[in-house]
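Have a look at the structure below before the remarks.
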Amino acid sequence: MNPFKNQKEIVKTSPRVSDEIKQTTCYMCACRCGIDVHMLDNQIRYIEGNKNHPTNKGVLCAKGSAGIMQQNSPAKLSKPLLRIGERGKGEFKEIEWDEAMQIATTWLSDIRNTDPKKLAFFTGRDQSQSLTGWWANQFGTCNFAAHGGFCSVNMAAAGLYTIGGSFWEFGEVDWEHTKYFILFGCAEDHDSNPIKMGLGKLKSKVDSKFVSVNPVKTGYSAIADEWIGIRPGTDGLFVHSLIYELLKSNKVDWKYLNKYTNANWLVYNNPGNKKHGLFARDENNLPVVYCKNTKIVSSDIENTNSAFFGKYKYNNVEVIPSFEFLSKEYLNPKYKPENISKLIDIDAKVIKKIAAEIAETAFEKEIEIKVDWEDHNGKKHSSFKGRPVSMHAMRGISAHSNGFNTCKLIHILQTLIGSIDVPGGFRYKAPYPKHVVPGPKPAGKIVKPNTPIGGMPLGFPTSPEDLLTDEDEKPLRIDKAYSWENPLSAHGLMHMVINNAWKGDPYKIDVLFMYMANMAWNSSMNTEETIKKLTDKDKETGEYKIPKIIYSDAYYSETVPYADLVLPDTTYLERWDCISLLDRPISSADSAADAIRQPIIEPTRDVKPFQDVLIELGARLGLPGFVNEDMSPKYPNGYSDYIVNHERQPGIGPLAGWRGNGNQFGKGEVNKNQLEEYIQNGCFHNHEFNDNQKYYKFTNKHYLNFAHEMGWINKKEPIVIQMYSEEMQKFKLAGEGYGDKIPPDHLKDRITKYFNPVPTWYQPFEEKINKEKGKSFDLYAVTQRPPHMYHSWGSQNAWLRQITNLNYLYISEYIAQENNLKNLDWVWLESFSNKIKVQCRVMKGVNKNTVWTWNAIGKRKGAWNLSPGAPESNKGFLLNHLISDVLPNEGNRNSQLSNSDPITGQAAWYDLKVKIYKCKDEEIDGKIYPNFDTIKNKSRKNMYISDYGKQFTKEFKDNNLTLNQEYIGNSKNIK
Amino acid sequence: MTSLPEKQNKKLGLVIDLDICVGCHACAVNCKEWNTSGHSSPLHDIDPYGDDPTGVWFNRIHTFEVESEINGSKTVHFPKSCLHCSDAPCVTVCPTGASYKREEDGIVLVNPETCIGCKLCSWSCPYGAREYDEEAGIMKKCTLCVDKIYNENIPESDRVPACVSTCPAGARSFGDLGDENSDIFKLVEERNGYDLMPEQDCLPTNKYLPPREKNNQFKNDALNSITNDNDFSFDTWKEIVEDASK
């Protein structure tokens, strides 16, 4: 045989791909796409998007496509661990599950029998909060929350207190019809595939425009038709200026305001009175409006000519329409583009141009979808009219101490142009919209041994009476949520738990129980100090200040070594899960949808899904709801048992699909076959709304009736957009000293200043405080999200870390020039509380006063089973070290305020202000600072080669290898 | 040393829309995932949890900034894989015939049985689109998912390269670029799709689509002020809009 003759390869074009396709829901991030997992010889051959799935319609992102490597991560925990060395040293012994459960039960039952609030149960990036919150309720502790206080609560609360729905993943752009889309800040995570699909669709239309308002031009901003490189924390001023321009030019949808908002509602105008700024109400407690012909009438009487302006008398007190107040505030000349321009680093001409484009699109390019529908009054309409301007915002707004107000300002702007839940605008996803403000209130005012707290720990206060404070107005919760420090903290303040528990402020706890929360690393502000607080001991007793820590995680994260008891969780491919309408469903604007995960493969480690463990713990502790009358476990088969059989209210359970005998949606008896039905349908249920229910949901009779029937809203009345917020005014009045419940003296000014019925922008706290103290930290520091990573879940992933395993500090050319810096120089970055040493790169597409880096690429040495020499630990860094968890102390008070939004308690990690300077030659050692000790992890193995896929090569190798290889010396290829 | 086919029946290839690529790496990872168990399996990863993890990827995304006088700076996400050139220097340079271009569809493949890992092809490829697998000792590259696009074990609608079916933004298309009647050919015509580095004379099959030119769709006169800008008074404004608001 002549080896040099061109041998034609026989290419096998139809290898087997799978002997079974199992469908489930991805959990490589919070987007929750449907996936088809191709199984070949009981191993995962390929994961792709499920084409029939409402979320991703067949596509799949980089994270989802790397699921195989997540499953094969060597960082997976394999057995329950009990700490034997000092906390933080990573010295554990492996124990059996029974022993682990016994330890946990003993610790927890002691607390429950004496003082249940000594359990702080915080569940991180948990998507089963309808279970975990309910468990906390049954246990009897008020101290429960998840990760939302760090991440999203400004957006959730601003939305729910204004329009009855919110950004994040709870609403979406009408991608099909929108013509003008404004994206505020970084959004490359939640709703990740729908946004990418939407941007592709939007950009493919000739008459569309995509505007990105972001200090940094990466990711989605890179394809924006116009990039507004705004100064961080000033988006609210930009929106103010847009509102100013639109109002001034009478580009307002008056009909929309009249019909769907509280713009006409009359407000008492008598400063110095306890009712000042509250709505005037009739004998039925309904707000009233002024009508030219009929004078003052109830707002629920449909009236087309109620006044937006004027001064009137009601019960002998002066009243004004709320819009008079609002428009006067927003037409203040301080919001003129010329006056705003310098504060936000955007030319006044650009502000005016954007405002003009919004106006032109909204009012001259109106669209109409021909559908017969009825509003709540039964009035028939033949089409949905739409103003095709849409907006979306996420953490770029959220993570500032003015985020709540800024987000509210965006909602005001959307409302003024009539673009909420209309064709081409922003749309609610089921179960939203809800009435403003949605119930229930937070439970936990009374905590007693062996007694549930009587409701879900997280809820929505509407007045000071709903706060969780004692008779001295001191916080009842360990995280000080729902206290005067952050009254509307609807997601809790997980970021304060470790600090407060360590300090014993407001009290000491006994057990800190956490799930899926990397609190010893990237999910904390001031990480260095947080770690110290986890290991700090009482000098007198020698005991840890936080006595016991139970932690559940699937991987060896930075937080594992700080636990006393580690309960190893499964991967997302090994478990049941429920993505519920009671929690954070996968609905779209066109349909109500929920989903499950089913186990795709059996774990070969001694691990259990966290929810199974929690349900078993509930039964062992005898928590009501988790045991039958004879104290036997109510859900002996764990989470899947609970998903099917639990009913929150009669007929309403975690899953809405296939209830009753399999043909009922939303409400119906328990169906033993429900999971099987979900599996048959690709692990999701999608209830498509009728065409006449899809828009104007706040007033749409057929939608409202349906939502009421489903239990999503508790009355069929229309949902009125609250441009003017009475709830905010109630807190403001309390701050001024009116009412029965008023804040402690040191917080009165804060409440009065930041609670306003009409949202306004204010300077972020860190900047304000630096300025007051005369400290110059002139630069802004923020992070962006690499779309192929998600927090810590992705960075130990063998494939994804090949794309990004270190991060640089990106600086503007202006900063480079001012500080004599060039690419790859080592620099110190210093904030008022700490400093870090990192390597910089210069770029053009960034606001000139801003430095930025990728979020959560930096890893601690030895965590996630990475080599201690990994780039993630030696060149990758976190900005978290620079971000203080508390604000500098004012006066002599012992208690410090959280570095958070004063209204919601949302962690303000985008408020960071810094200065930069070049490292001295002797300081450069090629490594970042701070550089922590290596985490000890006995299970870490050094895998030198990964050859995943090799096990399937037999599919291609039917023919024996030819002898060519020997001739041509390619012996390496003969295996 | 290796001949190109005398005729090409088809020119299968990719079209990548740079106007909507957000640089999310979905295509790269899904490609890796499919192909590590595909024709060129496995795509080895060396030191995957170590200090310098490297591996074989058929598709990589490069992100960089460009600057023009008119538009200022622009961040570009640029996915790059083998362009399956009509005049592929990586084929003609191959001393063993391992690197070859298929007559039936124009896909450029490497026969792992006859590749000696001499890397001449990667030196000759002006696009740097070849991937040497250190562990296997042979050259690997994009196969255009030759084991997927004809695969009779999967539904017909799935028979497109993994990078195309997974792309969330819809920035990637697949088809016969040699067929003037194909959708993909028309797309390239319509959007002025271009060859990467045409001066290299490789006649690449894959095409890139430039940013769309948007018509200036705004008149920008929507905010003709209803009041005097310099002497703005809330009360005057109120009088004017009060009528409008009814």
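Residue numbering restarts at 1 for every chain of the structure tokens, chains are lettered A, B, ... in their displayed order, and ligands are numbered from 1 as they appear.
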Write out as a VMD selection string all residues of segment 271-397 of chain A that backbone DSSP assigns to alpha helix (DSSP H). chain A and resid 322 to 330 337 to 344 348 to 364 395 to 397
Residues within 9 Å of Glu727 of chain A, please, as number ranges by chain. Count only C-alpha atoms; anything in the same chain fewer than 6 positions from it doesn't count. A: 161, 278, 437, 461-463, 755, 757
Give me a file of those residues, with C-alpha atoms, as a tab-separated table (two decimals), in the first residue's frame.
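Contents of part-v8.tsv, as written:
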chain	number	residue	atom	x	y	z
A	161	TYR	CA	-45.00	49.76	44.44
A	278	LEU	CA	-52.41	61.38	51.33
A	437	VAL	CA	-49.13	47.26	46.59
A	461	PRO	CA	-45.32	46.82	53.99
A	462	THR	CA	-47.65	49.66	53.04
A	463	SER	CA	-47.37	51.79	56.14
A	755	PHE	CA	-39.33	58.63	51.11
A	757	PRO	CA	-44.52	60.18	46.95
Test item: residues at most 9 Å from segment 7-13 of chain A, only C-alpha atoms, excluding those fewer than 3 positions along its chain, as a ChimeraX atom specification: /A:3-4,955-957 /B:39,96-98,100,110-114,145-152
Please produce an output containing N, CA and C atoms for each residue in the selection, written as a PDB file, in the first residue's frame.
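File selection_16.pdb, as written:
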ATOM      1  N   PRO A   3       1.486   4.781   1.050  1.00  0.00           N
ATOM      2  CA  PRO A   3       0.956   5.721   2.050  1.00  0.00           C
ATOM      3  C   PRO A   3       0.788   7.126   1.510  1.00  0.00           C
ATOM      4  N   PHE A   4       1.451   7.470   0.428  1.00  0.00           N
ATOM      5  CA  PHE A   4       1.371   8.845  -0.073  1.00  0.00           C
ATOM      6  C   PHE A   4       0.240   9.060  -1.058  1.00  0.00           C
ATOM      7  N   GLU A 955     -18.558   5.243  18.102  1.00  0.00           N
ATOM      8  CA  GLU A 955     -19.630   5.510  17.135  1.00  0.00           C
ATOM      9  C   GLU A 955     -19.071   5.819  15.754  1.00  0.00           C
ATOM     10  N   PHE A 956     -17.823   6.233  15.720  1.00  0.00           N
ATOM     11  CA  PHE A 956     -17.214   6.610  14.444  1.00  0.00           C
ATOM     12  C   PHE A 956     -16.243   5.573  13.933  1.00  0.00           C
ATOM     13  N   LYS A 957     -15.905   4.607  14.774  1.00  0.00           N
ATOM     14  CA  LYS A 957     -14.806   3.715  14.440  1.00  0.00           C
ATOM     15  C   LYS A 957     -15.289   2.295  14.180  1.00  0.00           C
TER      16      LYS A 957
ATOM     17  N   HIS B  39     -16.960  13.744  15.113  1.00  0.00           N
ATOM     18  CA  HIS B  39     -16.003  13.227  14.133  1.00  0.00           C
ATOM     19  C   HIS B  39     -14.560  13.304  14.629  1.00  0.00           C
ATOM     20  N   THR B  96       0.365  14.809   3.324  1.00  0.00           N
ATOM     21  CA  THR B  96      -0.109  13.414   3.377  1.00  0.00           C
ATOM     22  C   THR B  96      -1.490  13.211   2.787  1.00  0.00           C
ATOM     23  N   GLY B  97      -2.137  14.303   2.399  1.00  0.00           N
ATOM     24  CA  GLY B  97      -3.507  14.151   1.917  1.00  0.00           C
ATOM     25  C   GLY B  97      -4.524  14.115   3.035  1.00  0.00           C
ATOM     26  N   ALA B  98      -4.057  14.323   4.256  1.00  0.00           N
ATOM     27  CA  ALA B  98      -4.986  14.270   5.386  1.00  0.00           C
ATOM     28  C   ALA B  98      -5.937  15.462   5.376  1.00  0.00           C
ATOM     29  N   TYR B 100      -8.144  17.783   3.477  1.00  0.00           N
ATOM     30  CA  TYR B 100      -8.767  17.681   2.155  1.00  0.00           C
ATOM     31  C   TYR B 100     -10.095  18.417   2.118  1.00  0.00           C
ATOM     32  N   VAL B 110     -10.043  17.115   8.159  1.00  0.00           N
ATOM     33  CA  VAL B 110      -8.743  16.484   8.369  1.00  0.00           C
ATOM     34  C   VAL B 110      -9.003  15.014   8.664  1.00  0.00           C
ATOM     35  N   ASN B 111      -8.345  14.165   7.908  1.00  0.00           N
ATOM     36  CA  ASN B 111      -8.452  12.729   8.159  1.00  0.00           C
ATOM     37  C   ASN B 111      -7.485  12.374   9.288  1.00  0.00           C
ATOM     38  N   PRO B 112      -8.030  12.028  10.458  1.00  0.00           N
ATOM     39  CA  PRO B 112      -7.159  11.805  11.608  1.00  0.00           C
ATOM     40  C   PRO B 112      -6.229  10.607  11.401  1.00  0.00           C
ATOM     41  N   GLU B 113      -6.584   9.756  10.477  1.00  0.00           N
ATOM     42  CA  GLU B 113      -5.761   8.571  10.275  1.00  0.00           C
ATOM     43  C   GLU B 113      -4.479   8.887   9.511  1.00  0.00           C
ATOM     44  N   THR B 114      -4.516   9.942   8.707  1.00  0.00           N
ATOM     45  CA  THR B 114      -3.331  10.221   7.899  1.00  0.00           C
ATOM     46  C   THR B 114      -2.646  11.527   8.271  1.00  0.00           C
ATOM     47  N   CYS B 145     -19.886  20.479  11.388  1.00  0.00           N
ATOM     48  CA  CYS B 145     -20.745  19.449  11.993  1.00  0.00           C
ATOM     49  C   CYS B 145     -21.206  18.443  10.940  1.00  0.00           C
ATOM     50  N   VAL B 146     -20.231  17.921  10.226  1.00  0.00           N
ATOM     51  CA  VAL B 146     -20.533  16.967   9.152  1.00  0.00           C
ATOM     52  C   VAL B 146     -21.275  15.733   9.687  1.00  0.00           C
ATOM     53  N   ASP B 147     -21.105  15.494  10.977  1.00  0.00           N
ATOM     54  CA  ASP B 147     -21.790  14.372  11.613  1.00  0.00           C
ATOM     55  C   ASP B 147     -23.139  14.778  12.201  1.00  0.00           C
ATOM     56  N   LYS B 148     -23.568  15.996  11.942  1.00  0.00           N
ATOM     57  CA  LYS B 148     -24.881  16.468  12.418  1.00  0.00           C
ATOM     58  C   LYS B 148     -25.764  16.880  11.241  1.00  0.00           C
ATOM     59  N   ILE B 149     -25.143  17.552  10.266  1.00  0.00           N
ATOM     60  CA  ILE B 149     -25.961  18.141   9.190  1.00  0.00           C
ATOM     61  C   ILE B 149     -26.542  17.097   8.226  1.00  0.00           C
ATOM     62  N   TYR B 150     -25.987  15.898   8.246  1.00  0.00           N
ATOM     63  CA  TYR B 150     -26.558  14.827   7.418  1.00  0.00           C
ATOM     64  C   TYR B 150     -27.129  13.705   8.277  1.00  0.00           C
ATOM     65  N   ASN B 151     -27.141  13.913   9.594  1.00  0.00           N
ATOM     66  CA  ASN B 151     -27.391  12.796  10.508  1.00  0.00           C
ATOM     67  C   ASN B 151     -28.846  12.321  10.458  1.00  0.00           C
ATOM     68  N   GLU B 152     -29.023  11.100  10.038  1.00  0.00           N
ATOM     69  CA  GLU B 152     -30.382  10.575   9.891  1.00  0.00           C
ATOM     70  C   GLU B 152     -30.990  10.137  11.223  1.00  0.00           C
TER      71      GLU B 152
END
Running DSSP on the backbone, which parts of segment 686-832 of chain A land in strand (DSSP E or B), as a PyMOL selection string? chain A and resi 686-688+700+721+779-784+809-812+826-830
Counting only C-alpha atoms, which residue out of B:Ile116, B:Cys82, B:Lys32, B:Pro161 sits closest to chain A?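 Closest candidate: B:Ile116.
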Compile the contact shell of Cys85 of chain B as a PyMOL selection string: residues with an atom at most 7 Å away, counting only C-alpha atoms, same-chain residues fewer than 2 positions apart removed. chain B and resi 83+87-88+202-205
Take the residues from that selection and put them in a file with C-alpha atoms, as a PDB file, in the first residue's frame.
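Written file, result.pdb:
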ATOM      1  CA  LEU B  83     -14.101  29.412   6.499  1.00  0.00           C
ATOM      2  CA  ASP B  87      -8.967  27.762  -2.673  1.00  0.00           C
ATOM      3  CA  ALA B  88      -7.840  26.354   0.630  1.00  0.00           C
ATOM      4  CA  CYS B 202      -8.429  31.886  -0.476  1.00  0.00           C
ATOM      5  CA  LEU B 203     -12.006  32.432  -1.655  1.00  0.00           C
ATOM      6  CA  PRO B 204     -13.565  31.726   1.732  1.00  0.00           C
ATOM      7  CA  THR B 205     -17.023  30.191   1.684  1.00  0.00           C
TER       8      THR B 205
END
I'd like the neighbourhood of segment 26-39 of chain A as an MDAnalysis selection string, where a residue qualifies if any of its atoms comes within 6 Å (using only C-alpha atoms), though same-chain residues fewer than 6 positions away should be ignored. chainID A and resid 18 20 45:50 53 55:56 63:64 190:192
Quick one: residues within 9 Å of Ala129 of chain B, only C-alpha atoms counted, chain neighbours fewer than 3 positions away excluded, as a PyMOL selection string? chain B and resi 58-60+80-83+122+125-126+141-142
Neighbouring residues of Pro388 of chain A were defined as those with any atom within 8 Å, considering only C-alpha atoms; residues of the same chain fewer than 6 positions away were excluded. Please report them as a ChimeraX atom specification. /A:177-180,361-362,365-367,419,422-425
Residue nearest Ala100 of chain A among A:Leu82, A:Ala520, A:Leu821, A:Ala656 (counting only C-alpha atoms):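 Going through A:Leu82, A:Ala520, A:Leu821, A:Ala656 one by one, the smallest distance to Ala100 of chain A is for A:Leu82.
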